[in-house]
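Enquirer: Coordinates in work_3.cif, mmCIF, C-alpha atoms (C1' of nucleotides), are listed below.
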data_data
loop_
_atom_site.label_atom_id
_atom_site.label_comp_id
_atom_site.auth_asym_id
_atom_site.auth_seq_id
_atom_site.Cartn_x
_atom_site.Cartn_y
_atom_site.Cartn_z
CA MET A 1 1.68 2.88 -6.16
CA SER A 2 2.70 5.55 -8.44
CA VAL A 3 0.50 4.85 -11.33
CA PRO A 4 -0.23 8.54 -11.92
CA MET A 5 3.43 9.31 -12.53
CA SER A 6 3.74 6.40 -14.89
CA LEU A 7 0.83 7.68 -16.89
CA LEU A 8 2.44 11.09 -17.04
CA ALA A 9 5.67 9.54 -18.25
CA MET A 10 3.83 7.92 -21.11
CA LEU A 11 1.94 11.03 -22.03
CA GLU A 12 5.19 12.88 -22.25
CA GLU A 13 5.97 10.97 -25.39
CA GLY A 14 2.75 11.97 -27.04
CA PRO A 15 -1.00 12.00 -26.67
CA MET A 16 -2.65 8.75 -25.76
CA TYR A 17 -6.03 7.41 -24.84
CA GLY A 18 -7.02 5.34 -21.87
CA LEU A 19 -6.83 1.76 -22.94
CA GLU A 20 -3.67 2.41 -24.88
CA MET A 21 -2.03 3.52 -21.65
CA LYS A 22 -2.95 0.33 -19.92
CA HIS A 23 -1.22 -1.68 -22.60
CA GLU A 24 1.78 0.59 -22.68
CA PHE A 25 2.10 0.43 -18.91
CA GLU A 26 2.12 -3.33 -18.99
CA ARG A 27 4.59 -3.43 -21.82
CA ARG A 28 6.97 -1.18 -19.95
CA THR A 29 6.84 -3.23 -16.81
CA GLY A 30 7.70 -6.31 -18.74
CA GLY A 31 4.14 -7.56 -18.72
CA VAL A 32 4.46 -8.32 -15.04
CA TRP A 33 2.24 -5.79 -13.36
CA PRO A 34 -1.25 -5.87 -14.80
CA LEU A 35 -3.01 -2.56 -14.55
CA ASN A 36 -6.75 -2.46 -14.19
CA VAL A 37 -8.31 -0.35 -16.90
CA GLY A 38 -10.66 1.30 -14.52
CA GLN A 39 -7.76 2.67 -12.58
CA VAL A 40 -6.45 4.32 -15.70
CA TYR A 41 -9.63 6.30 -16.17
CA THR A 42 -10.05 7.30 -12.56
CA THR A 43 -6.41 8.26 -12.36
CA LEU A 44 -6.68 10.25 -15.56
CA GLY A 45 -9.65 12.00 -14.04
CA ARG A 46 -7.64 13.01 -11.00
CA LEU A 47 -4.69 14.09 -13.11
CA GLU A 48 -6.99 16.23 -15.20
CA ARG A 49 -8.60 17.70 -12.10
CA ASP A 50 -5.15 18.61 -10.81
CA GLY A 51 -4.15 20.16 -14.10
CA LEU A 52 -1.35 17.74 -14.85
CA VAL A 53 -3.08 16.42 -17.90
CA ALA A 54 -5.57 17.86 -20.37
CA PHE A 55 -8.28 16.27 -22.40
CA ASP A 56 -7.43 16.68 -26.04
CA GLY A 57 -10.59 15.74 -27.87
CA ASP A 58 -11.33 12.66 -29.87
CA ARG A 59 -8.89 11.01 -32.24
CA ASP A 60 -10.53 8.25 -34.24
CA GLY A 61 -13.22 8.10 -31.62
CA ASN A 62 -10.74 7.64 -28.78
CA LYS A 63 -10.52 10.22 -26.05
CA THR A 64 -6.92 11.28 -25.96
CA TYR A 65 -5.07 13.16 -23.27
CA VAL A 66 -1.95 15.30 -23.33
CA ILE A 67 0.47 16.25 -20.60
CA THR A 68 0.54 19.85 -19.43
CA ALA A 69 3.42 22.02 -18.29
CA ASP A 70 2.51 21.33 -14.68
CA GLY A 71 2.46 17.68 -15.52
CA ARG A 72 5.95 17.79 -16.95
CA ALA A 73 7.18 19.66 -13.91
CA SER A 74 5.77 17.20 -11.50
CA LEU A 75 7.14 14.30 -13.52
CA GLU A 76 10.58 15.83 -13.49
CA ASP A 77 10.19 16.17 -9.79
CA TRP A 78 9.43 12.53 -9.44
CA PHE A 79 12.49 11.47 -11.36
CA GLY A 80 14.66 14.07 -9.74
CA HIS A 81 13.91 13.45 -6.11
CA PRO A 82 14.33 10.15 -4.35
CA VAL A 83 11.08 8.58 -3.44
CA GLN A 84 12.24 6.77 -0.37
CA ARG A 85 11.40 9.06 2.43
CA GLU A 86 8.10 7.43 3.21
CA SER A 87 7.66 7.29 6.92
CA PRO A 88 8.21 3.65 7.80
CA SER A 89 5.02 2.25 6.45
CA ARG A 90 3.21 -0.45 8.30
CA ASP A 91 4.52 -3.75 7.12
CA GLU A 92 2.17 -6.63 7.64
CA LEU A 93 4.87 -9.11 8.51
CA VAL A 94 6.55 -6.82 11.04
CA LEU A 95 3.21 -6.00 12.53
CA LYS A 96 2.39 -9.66 12.77
CA LEU A 97 5.54 -10.43 14.69
CA LEU A 98 5.07 -7.57 17.08
CA VAL A 99 1.49 -8.53 17.73
CA ALA A 100 2.42 -12.18 18.11
CA SER A 101 5.13 -11.34 20.61
CA ASN A 102 2.57 -9.55 22.72
CA ALA A 103 -0.13 -12.15 22.44
CA PRO A 104 -0.13 -14.69 25.24
CA GLY A 105 -0.40 -18.25 24.05
CA VAL A 106 1.17 -17.55 20.70
CA ASP A 107 4.53 -19.11 20.04
CA VAL A 108 6.43 -16.34 18.34
CA SER A 109 9.24 -18.51 17.22
CA ALA A 110 6.82 -20.92 15.61
CA VAL A 111 5.31 -18.05 13.69
CA ILE A 112 8.76 -16.95 12.64
CA ARG A 113 9.73 -20.40 11.47
CA SER A 114 6.54 -20.68 9.49
CA GLU A 115 7.16 -17.39 7.79
CA ARG A 116 10.76 -18.30 7.18
CA ARG A 117 9.87 -21.52 5.48
CA ALA A 118 7.44 -19.73 3.20
CA SER A 119 10.00 -17.08 2.36
CA ILE A 120 12.62 -19.65 1.51
CA GLU A 121 10.20 -21.41 -0.75
CA GLN A 122 9.38 -18.20 -2.49
CA LEU A 123 13.04 -17.46 -2.84
CA GLN A 124 13.66 -20.78 -4.50
CA GLN A 125 10.79 -20.13 -6.84
CA TYR A 126 12.22 -16.77 -7.80
CA THR A 127 15.70 -18.08 -8.40
CA ARG A 128 14.30 -20.88 -10.46
CA LEU A 129 12.43 -18.35 -12.53
CA LYS A 130 15.64 -16.44 -12.89
CA THR A 131 17.74 -19.29 -14.14
CA ASP A 132 14.96 -20.43 -16.41
CA SER A 133 14.68 -17.14 -18.18
CA SER A 134 18.29 -16.03 -18.09
CA THR A 135 18.73 -16.50 -21.79
CA ASP A 136 16.08 -14.34 -23.34
CA ALA A 137 17.31 -11.52 -21.15
CA ASP A 138 14.55 -9.00 -20.74
CA VAL A 139 16.01 -6.29 -18.56
CA GLU A 140 12.74 -5.16 -17.03
CA TRP A 141 11.91 -8.67 -16.02
CA MET A 142 15.36 -9.22 -14.56
CA VAL A 143 15.30 -6.01 -12.58
CA LEU A 144 11.93 -6.87 -11.17
CA LEU A 145 12.96 -10.39 -10.30
CA ASP A 146 16.04 -9.07 -8.57
CA SER A 147 13.95 -6.78 -6.47
CA LEU A 148 11.76 -9.65 -5.36
CA ILE A 149 14.74 -11.81 -4.55
CA PHE A 150 16.61 -9.15 -2.63
CA LYS A 151 13.56 -8.21 -0.68
CA THR A 152 12.82 -11.79 0.26
CA GLU A 153 16.40 -12.43 1.27
CA ALA A 154 16.26 -9.43 3.53
CA ILE A 155 13.13 -10.78 5.14
CA VAL A 156 14.74 -14.11 5.84
CA ARG A 157 17.73 -12.48 7.45
CA TRP A 158 15.48 -10.25 9.49
CA LEU A 159 13.41 -13.21 10.64
CA ASP A 160 16.53 -14.97 11.87
CA VAL A 161 17.77 -11.98 13.77
CA SER A 162 14.35 -11.36 15.24
CA GLU A 163 13.97 -14.89 16.41
CA ALA A 164 17.22 -14.58 18.30
CA ARG A 165 16.09 -11.29 19.77
CA PHE A 166 12.84 -12.71 21.03
CA ALA A 167 14.56 -15.81 22.33
CA SER A 168 16.90 -13.81 24.49
CA ASP A 169 14.22 -11.49 25.75
CA PRO A 170 13.14 -12.25 29.31
CA ARG A 171 9.54 -11.59 28.41
CA HIS A 172 9.55 -14.26 25.72
CA VAL A 173 11.34 -17.06 27.48
CA SER A 174 8.33 -19.31 27.84
CA GLN A 175 8.16 -21.87 25.05
CA PRO A 176 10.75 -24.55 24.42
CA LYS A 177 12.26 -23.64 21.16
CA GLY A 178 13.01 -25.70 18.11
CA PRO A 179 16.28 -26.18 16.28
CA MET A 180 17.72 -22.75 16.94
CA PRO A 181 17.43 -19.80 14.61
CA ALA A 182 17.87 -22.03 11.62
CA GLU A 183 20.77 -22.13 9.27
CA PRO A 184 22.84 -19.09 8.34
CA LEU A 185 22.16 -16.85 5.44
CA LEU A 186 22.30 -17.82 1.86
CA ASP A 187 24.81 -15.42 0.43
CA GLN A 188 27.21 -12.84 1.59
CA PRO A 189 25.30 -10.08 3.34
CA SER A 190 27.99 -7.44 3.48
CA MET A 191 27.33 -3.80 2.97
CA PRO A 192 26.97 -2.85 -0.63
CA GLU A 193 30.19 -1.94 -2.26
CA ARG A 194 29.70 0.70 -4.83
CA GLY A 195 30.97 -0.97 -7.96
CA LYS A 196 32.41 0.73 -10.99
CA MET B 1 -2.15 -3.37 6.70
CA SER B 2 -3.43 -5.94 8.95
CA VAL B 3 -4.99 -3.76 11.48
CA PRO B 4 -8.06 -5.96 11.74
CA MET B 5 -6.01 -8.94 12.86
CA SER B 6 -4.20 -6.84 15.41
CA LEU B 7 -7.49 -5.73 16.85
CA LEU B 8 -8.62 -9.31 17.05
CA ALA B 9 -5.43 -10.25 18.84
CA MET B 10 -6.12 -7.63 21.48
CA LEU B 11 -9.72 -8.62 21.89
CA GLU B 12 -8.65 -12.15 22.52
CA GLU B 13 -7.28 -11.06 25.85
CA GLY B 14 -10.52 -9.54 26.92
CA PRO B 15 -13.21 -7.07 25.96
CA MET B 16 -12.10 -3.61 24.96
CA TYR B 17 -13.52 -0.42 23.60
CA GLY B 18 -12.39 1.60 20.62
CA LEU B 19 -10.03 4.18 21.92
CA GLU B 20 -8.47 1.71 24.28
CA MET B 21 -7.51 -0.42 21.31
CA LYS B 22 -5.78 2.46 19.64
CA HIS B 23 -3.58 2.96 22.69
CA GLU B 24 -2.94 -0.72 23.11
CA PHE B 25 -2.01 -1.06 19.46
CA GLU B 26 0.51 1.71 19.73
CA ARG B 27 1.92 0.32 22.93
CA ARG B 28 2.43 -3.06 21.36
CA THR B 29 4.20 -1.67 18.35
CA GLY B 30 6.59 0.14 20.58
CA GLY B 31 4.86 3.45 20.07
CA VAL B 32 6.15 3.59 16.53
CA TRP B 33 3.10 3.09 14.39
CA PRO B 34 0.40 5.58 15.22
CA LEU B 35 -3.07 4.30 14.50
CA ASN B 36 -5.80 6.68 13.54
CA VAL B 37 -8.77 6.33 15.86
CA GLY B 38 -11.21 6.54 13.03
CA GLN B 39 -9.70 3.47 11.51
CA VAL B 40 -10.34 1.57 14.70
CA TYR B 41 -14.05 2.26 14.55
CA THR B 42 -14.45 1.57 10.85
CA THR B 43 -12.43 -1.60 11.20
CA LEU B 44 -14.46 -2.67 14.20
CA GLY B 45 -17.54 -2.08 12.12
CA ARG B 46 -16.29 -4.37 9.39
CA LEU B 47 -15.21 -7.01 11.88
CA GLU B 48 -18.63 -6.92 13.44
CA ARG B 49 -20.30 -7.11 10.05
CA ASP B 50 -18.21 -10.19 9.27
CA GLY B 51 -19.03 -11.79 12.60
CA LEU B 52 -15.49 -11.82 13.95
CA VAL B 53 -16.31 -9.56 16.86
CA ALA B 54 -19.50 -8.75 18.68
CA PHE B 55 -20.71 -5.65 20.37
CA ASP B 56 -20.91 -6.29 24.05
CA GLY B 57 -22.87 -3.38 25.41
CA ASP B 58 -21.68 -0.46 27.44
CA ARG B 59 -19.18 -0.72 30.24
CA ASP B 60 -18.82 2.53 32.12
CA GLY B 61 -20.26 4.30 29.14
CA ASN B 62 -17.73 2.78 26.75
CA LYS B 63 -18.85 0.57 23.92
CA THR B 64 -16.92 -2.63 24.35
CA TYR B 65 -16.43 -5.44 21.90
CA VAL B 66 -15.59 -9.09 22.32
CA ILE B 67 -14.07 -11.60 19.96
CA THR B 68 -16.26 -14.39 18.62
CA ALA B 69 -15.45 -17.99 17.83
CA ASP B 70 -15.07 -17.09 14.17
CA GLY B 71 -12.79 -14.31 15.20
CA ARG B 72 -10.57 -16.64 17.14
CA ALA B 73 -10.45 -19.03 14.25
CA SER B 74 -9.44 -16.42 11.79
CA LEU B 75 -6.82 -15.05 14.15
CA GLU B 76 -5.37 -18.48 14.59
CA ASP B 77 -5.31 -18.73 10.85
CA TRP B 78 -3.34 -15.55 10.58
CA PHE B 79 -0.72 -16.72 13.02
CA GLY B 80 -0.64 -20.20 11.62
CA HIS B 81 -0.23 -19.46 7.96
CA PRO B 82 2.55 -17.39 6.46
CA VAL B 83 1.40 -14.13 5.11
CA GLN B 84 3.97 -13.80 2.42
CA ARG B 85 2.47 -15.06 -0.73
CA GLU B 86 1.24 -11.72 -1.90
CA SER B 87 1.42 -11.49 -5.65
CA PRO B 88 4.42 -9.29 -6.34
CA SER B 89 2.91 -6.04 -5.27
CA ARG B 90 3.70 -2.89 -7.14
CA ASP B 91 6.67 -1.24 -5.54
CA GLU B 92 6.99 2.44 -6.23
CA LEU B 93 10.75 2.38 -6.52
CA VAL B 94 10.81 -0.57 -8.87
CA LEU B 95 8.07 0.97 -10.93
CA LYS B 96 9.98 4.21 -11.08
CA LEU B 97 13.07 2.55 -12.43
CA LEU B 98 11.18 0.61 -15.03
CA VAL B 99 9.34 3.67 -16.17
CA ALA B 100 12.51 5.73 -16.18
CA SER B 101 14.29 3.15 -18.25
CA ASN B 102 11.57 3.40 -20.85
CA ALA B 103 11.31 7.16 -20.85
CA PRO B 104 13.47 8.84 -23.45
CA GLY B 105 15.47 11.71 -22.11
CA VAL B 106 15.64 10.34 -18.61
CA ASP B 107 19.01 9.23 -17.35
CA VAL B 108 18.24 6.04 -15.53
CA SER B 109 21.57 5.79 -13.86
CA ALA B 110 21.25 9.31 -12.51
CA VAL B 111 17.93 8.36 -11.02
CA ILE B 112 19.48 5.28 -9.52
CA ARG B 113 22.34 7.22 -8.00
CA SER B 114 19.94 9.72 -6.53
CA GLU B 115 17.88 6.99 -4.95
CA ARG B 116 20.99 5.26 -3.74
CA ARG B 117 22.26 8.33 -2.00
CA ALA B 118 18.94 8.80 -0.23
CA SER B 119 18.88 5.17 0.84
CA ILE B 120 22.36 5.34 2.23
CA GLU B 121 21.46 8.39 4.20
CA GLN B 122 18.42 6.70 5.59
CA LEU B 123 20.51 3.71 6.48
CA GLN B 124 22.95 5.83 8.41
CA GLN B 125 20.10 7.43 10.24
CA TYR B 126 18.70 4.05 11.20
CA THR B 127 22.00 2.70 12.41
CA ARG B 128 22.57 5.83 14.40
CA LEU B 129 19.19 5.37 16.02
CA LYS B 130 20.13 1.81 16.74
CA THR B 131 23.40 2.57 18.47
CA ASP B 132 21.79 5.42 20.35
CA SER B 133 19.10 3.27 21.84
CA SER B 134 20.98 0.05 22.31
CA THR B 135 20.97 0.32 26.06
CA ASP B 136 17.33 0.55 26.98
CA ALA B 137 16.75 -2.51 24.86
CA ASP B 138 13.11 -2.52 23.87
CA VAL B 139 12.69 -5.60 21.77
CA GLU B 140 9.80 -4.31 19.70
CA TRP B 141 11.73 -1.23 18.79
CA MET B 142 14.83 -3.23 17.89
CA VAL B 143 12.92 -5.66 15.73
CA LEU B 144 11.29 -2.83 13.90
CA LEU B 145 14.55 -0.98 13.41
CA ASP B 146 16.14 -4.15 12.09
CA SER B 147 13.40 -4.54 9.55
CA LEU B 148 13.93 -1.02 8.29
CA ILE B 149 17.68 -1.50 8.08
CA PHE B 150 17.53 -4.83 6.34
CA LYS B 151 15.00 -3.57 3.87
CA THR B 152 17.01 -0.51 3.04
CA GLU B 153 20.18 -2.51 2.64
CA ALA B 154 18.39 -4.76 0.20
CA ILE B 155 17.29 -1.75 -1.77
CA VAL B 156 20.82 -0.44 -2.03
CA ARG B 157 22.09 -3.76 -3.27
CA TRP B 158 19.29 -3.98 -5.75
CA LEU B 159 19.97 -0.49 -7.02
CA ASP B 160 23.59 -1.38 -7.66
CA VAL B 161 22.78 -4.53 -9.52
CA SER B 162 20.12 -2.76 -11.52
CA GLU B 163 22.44 0.01 -12.52
CA ALA B 164 24.82 -2.54 -13.89
CA ARG B 165 22.02 -4.26 -15.74
CA PHE B 166 20.82 -1.10 -17.37
CA ALA B 167 24.37 -0.05 -18.20
CA SER B 168 25.04 -3.22 -20.08
CA ASP B 169 21.73 -3.19 -21.90
CA PRO B 170 22.03 -2.05 -25.51
CA ARG B 171 18.76 -0.19 -25.24
CA HIS B 172 20.01 1.97 -22.43
CA VAL B 173 23.26 3.20 -23.85
CA SER B 174 23.47 6.22 -21.64
CA GLN B 175 22.38 9.29 -23.44
CA PRO B 176 24.18 12.47 -22.51
CA LYS B 177 22.55 13.51 -19.33
CA GLY B 178 20.95 16.85 -18.90
CA PRO B 179 20.44 18.50 -15.55
CA MET B 180 17.71 15.99 -14.97
CA PRO B 181 17.96 14.68 -11.43
CA ALA B 182 17.83 17.66 -9.20
CA GLU B 183 19.54 17.42 -5.87
CA PRO B 184 17.40 16.07 -3.11
CA LEU B 185 16.11 18.50 -0.62
CA LEU B 186 17.59 18.87 2.77
CA ASP B 187 14.40 17.95 4.45
CA GLN B 188 15.05 14.78 6.35
CA PRO B 189 13.00 11.68 6.22
CA SER B 190 11.20 11.74 9.47
CA MET B 191 11.52 8.87 11.79
CA PRO B 192 8.63 8.46 14.14
CA GLU B 193 9.33 9.81 17.55
CA ARG B 194 9.83 7.18 20.11
CA GLY B 195 7.28 6.92 22.83
CA LYS B 196 5.54 10.01 23.96
"C1'" DT C 1 -19.63 30.92 35.08
"C1'" DT C 2 -16.98 30.53 31.17
"C1'" DG C 3 -13.76 28.24 28.76
"C1'" DC C 4 -10.56 24.67 27.53
"C1'" DA C 5 -8.44 20.25 27.24
"C1'" DT C 6 -9.42 15.47 26.89
"C1'" DG C 7 -11.93 11.05 26.45
"C1'" DA C 8 -14.80 8.74 23.35
"C1'" DT C 9 -17.41 7.87 19.27
"C1'" DA C 10 -18.61 8.64 14.60
"C1'" DT C 11 -18.61 10.29 9.86
"C1'" DA C 12 -16.79 12.44 5.51
"C1'" DC C 13 -13.50 12.09 2.21
"C1'" DT C 14 -9.40 10.66 -0.57
"C1'" DC C 15 -6.93 7.21 -2.90
"C1'" DG C 16 -5.46 2.69 -4.74
"C1'" DG C 17 -7.49 -1.20 -6.55
"C1'" DT C 18 -10.98 -4.70 -8.50
"C1'" DA C 19 -15.07 -5.95 -10.79
"C1'" DT C 20 -18.60 -4.88 -13.64
"C1'" DA C 21 -21.67 -2.36 -16.68
"C1'" DC C 22 -22.38 -0.25 -21.09
"C1'" DA C 23 -21.85 1.05 -26.01
"C1'" DG C 24 -20.27 0.22 -30.64
"C1'" DG C 25 -18.17 -2.44 -34.41
"C1'" DA C 26 -16.23 -6.76 -36.88
"C1'" DG C 27 -16.79 -10.92 -38.28
"C1'" DG C 28 -19.17 -15.58 -38.83
"C1'" DT C 29 -23.03 -18.71 -39.22
"C1'" DT C 30 -27.45 -20.08 -40.63
"C1'" DA D 1 -31.25 -10.35 -43.56
"C1'" DA D 2 -30.96 -11.45 -38.30
"C1'" DC D 3 -28.32 -13.33 -34.68
"C1'" DC D 4 -24.56 -14.28 -31.79
"C1'" DT D 5 -20.15 -13.53 -30.14
"C1'" DC D 6 -15.90 -11.42 -29.49
"C1'" DC D 7 -13.19 -7.30 -29.08
"C1'" DT D 8 -12.24 -2.40 -28.26
"C1'" DG D 9 -13.04 1.46 -25.47
"C1'" DT D 10 -15.11 4.06 -21.76
"C1'" DA D 11 -17.16 4.60 -17.40
"C1'" DT D 12 -19.04 3.62 -12.87
"C1'" DA D 13 -19.85 1.03 -8.49
"C1'" DC D 14 -17.80 -0.70 -4.86
"C1'" DC D 15 -14.36 -2.00 -1.15
"C1'" DG D 16 -10.61 -1.36 2.11
"C1'" DA D 17 -6.80 1.50 4.06
"C1'" DG D 18 -5.98 5.74 5.84
"C1'" DT D 19 -6.53 10.84 7.33
"C1'" DA D 20 -9.09 14.66 8.97
"C1'" DT D 21 -12.81 16.39 11.21
"C1'" DA D 22 -17.36 16.74 13.66
"C1'" DT D 23 -19.85 15.87 17.78
"C1'" DC D 24 -20.68 15.18 22.60
"C1'" DA D 25 -19.71 14.79 27.44
"C1'" DT D 26 -16.97 15.64 31.43
"C1'" DG D 27 -13.54 17.27 34.46
"C1'" DC D 28 -11.20 21.25 35.81
"C1'" DA D 29 -8.82 25.62 36.04
"C1'" DA D 30 -9.22 30.71 35.93
#
Any chance you could put this one into structure tokens?

Expert:
Amino acid sequence: MSVPMSLLAMLEEGPMYGLEMKHEFERRTGGVWPLNVGQVYTTLGRLERDGLVAFDGDRDGNKTYVITADGRASLEDWFGHPVQRESPSRDELVLKLLVASNAPGVDVSAVIRSERRASIEQLQQYTRLKTDSSTDADVEWMVLLDSLIFKTEAIVRWLDVSEARFASDPRHVSQPKGPMPAEPLLDQPSMPERGK
Amino acid sequence: MSVPMSLLAMLEEGPMYGLEMKHEFERRTGGVWPLNVGQVYTTLGRLERDGLVAFDGDRDGNKTYVITADGRASLEDWFGHPVQRESPSRDELVLKLLVASNAPGVDVSAVIRSERRASIEQLQQYTRLKTDSSTDADVEWMVLLDSLIFKTEAIVRWLDVSEARFASDPRHVSQPKGPMPAEPLLDQPSMPERGK
DNA sequence: TTGCATGATATACTCGGTATACAGGAGGTT
DNA sequence: AACCTCCTGTATACCGAGTATATCATGCAA
């Protein structure tokens, strides 16, 4: 997803060779996101082609690369500008619901409940992981776990709201529905208060 | 993202040809997610190769396809089983924070604040869109908007929590920050135009 | 008639991502 | 010694998602 920028960030601290970058990448992400070695080489190739990185000869038989001025600039750009503004990318789950709601013979609310159950399970798994590892406190790991938890919570809330929306839509009245949009949310939704 | 399944869902209601499916797809997603025509044909090719659809000859000069038994089965599978359990996919924003936190000379909390500001702006844009269009009540559009809002809210919360985490981590004792995070550009994140 | 927009299909190409091939060296065993 | 195996390091093949573009035909307006 932005592997190239990550590679640049590593090269900014000094020359490196391919495999080394794989290991470093995985170390920095708390060992959670494995990076295929092949991707390192192809990505390095593209970075070199675009002039963000330069081949720097062999060091102990390893082909090392260095970052260029352009590379530094584009890295600074990445850190400096928010990376959000992706046009609302296709989300498989959203797509699934929309398609389901348009497909005759498919019980949308059943689909929603199924997805909800799975999300809740995942959520429990994540929180269990969190409490299990709360002692050895690896920040990267915690930050990543948080992101998974928050994202999943958001999905659950969205599923609930959507089920209600579909239920009250004249076009989706057909099926007899189960036990209502399920129980309320887990924790306080509330708009983020900017702490500190 | 799961374009193939969407195509199958449409074919289940009757034979169709390529371009028709593009239009139908966009109609069903509330005209929000444009689908490249080329992708329809390549995807149809793969579906045919895998035996989920079959070429059904020409109808009025248009090459129409039909769904097969295998296709129906696999579609049912999609609706029946939750689609969540993706291994924690790489998320650009999460990756960015982790990388930033490991890069010397980068002020993580500045990056976080920059991202936060952008997210809040996006959120306001979404909610404005929501209030603007609350009358004509198109369920697909509302469901999609909700998903964007909920997701963005989750990101904001996560950013806040993460900032606190990094702040209290001994390894990230905030170094004096340079001019690092440049101000975001004025260019707005583009929301897809509604309908046509 | 020319020319242009549009309907319809198809292909080229990029990129992210996975799996796999290939080459060399370090040990260990017999 | 030869052999096998494991490990490091590099590179390529391949696939799917996605975008841009090429190619026809046809209807139609000037």

Enquirer: Counting only C-alpha atoms (C1' of nucleotides), collect the residues of chain B whose closest atom lies at most 12 Å from chain D, and write them out as a list in words.

Expert: Met1, Ser2, Val3, Pro4, Pro34, Leu35, Asn36, Val37, Gly38, Gln39, Val40, Thr42, Thr43, Arg46 and Gly61 of chain B

Enquirer: With all atoms listed in the file as the atoms that count, which of B:Ala69, B:Leu123, B:Leu98, B:Ala167 lies nearest to chain A?

Expert: B:Leu98

Enquirer: For the atom pair atom CA of A:Glu115 and atom CA of B:Tyr126, what is the interatomic distance in Å to one decimal place?

Expert: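 Spanning atom CA of A:Glu115 to atom CA of B:Tyr126 is a straight-line distance of 24.6 Å.
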
Enquirer: If we count all atoms listed in the file, what is near stretch 8-23 of chain A at a cut-off of 6 Å, once residues fewer than 4 positions away on the same chain are taken out, given as a compact mmCIF listing (two decimals) with C-alpha atoms, in the frame of the given file?

Expert:
# COMPACT_ATOMS: atom_id res chain seq x y z
CA LYS A 63 -10.52 10.22 -26.05
CA THR A 64 -6.92 11.28 -25.96
CA TYR A 65 -5.07 13.16 -23.27
CA VAL A 66 -1.95 15.30 -23.33
CA ILE A 67 0.47 16.25 -20.60

Enquirer: Rounded to one decimal place, report the atom CA of B:Leu159-atom CA of B:Asp107 distance in Å.

Expert: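 Interatomic distance here is 14.2 Å.
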
Enquirer: Starting from the PyMOL selection byres ((chain C) within 12 of (chain A)), expand the selection into actual residues of this file and give them as a PyMOL selection string.

Expert: chain C and resi 14-21+24-25

Enquirer: Given the PyMOL selection byres ((chain B and resi 147-151) around 9) and the file above, list the residues it selects as a list in words.

Expert: Pro88, Val94, Phe150, Lys151, Ala154, Ile155, Arg157, Trp158, Leu159 and Ser162 of chain A; Gln122, Leu123, Tyr126, Thr127, Met142, Val143, Leu144, Leu145, Asp146, Thr152, Glu153, Ala154, Ile155 and Val156 of chain B

Enquirer: In Å to one decimal, how far is atom CA of B:Arg27 from atom CA of B:Glu140?

Expert: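 Taking atom CA of B:Glu140 as the start and atom CA of B:Arg27 as the end point, the length is 9.7 Å.
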
Enquirer: On all C-alpha atoms matched in order, how well does chain A superpose onto chain B? Give the RMSD in Å.

Expert: 7.4 Å

Enquirer: Would you mind telling me which residue in B:Arg116, B:Ser109, B:Val161, B:Pro82 lies nearest to chain A when using all atoms listed in the file?

Expert: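 Checking each of B:Arg116, B:Ser109, B:Val161, B:Pro82 against chain A, counting all atoms listed in the file, the winner is B:Pro82.
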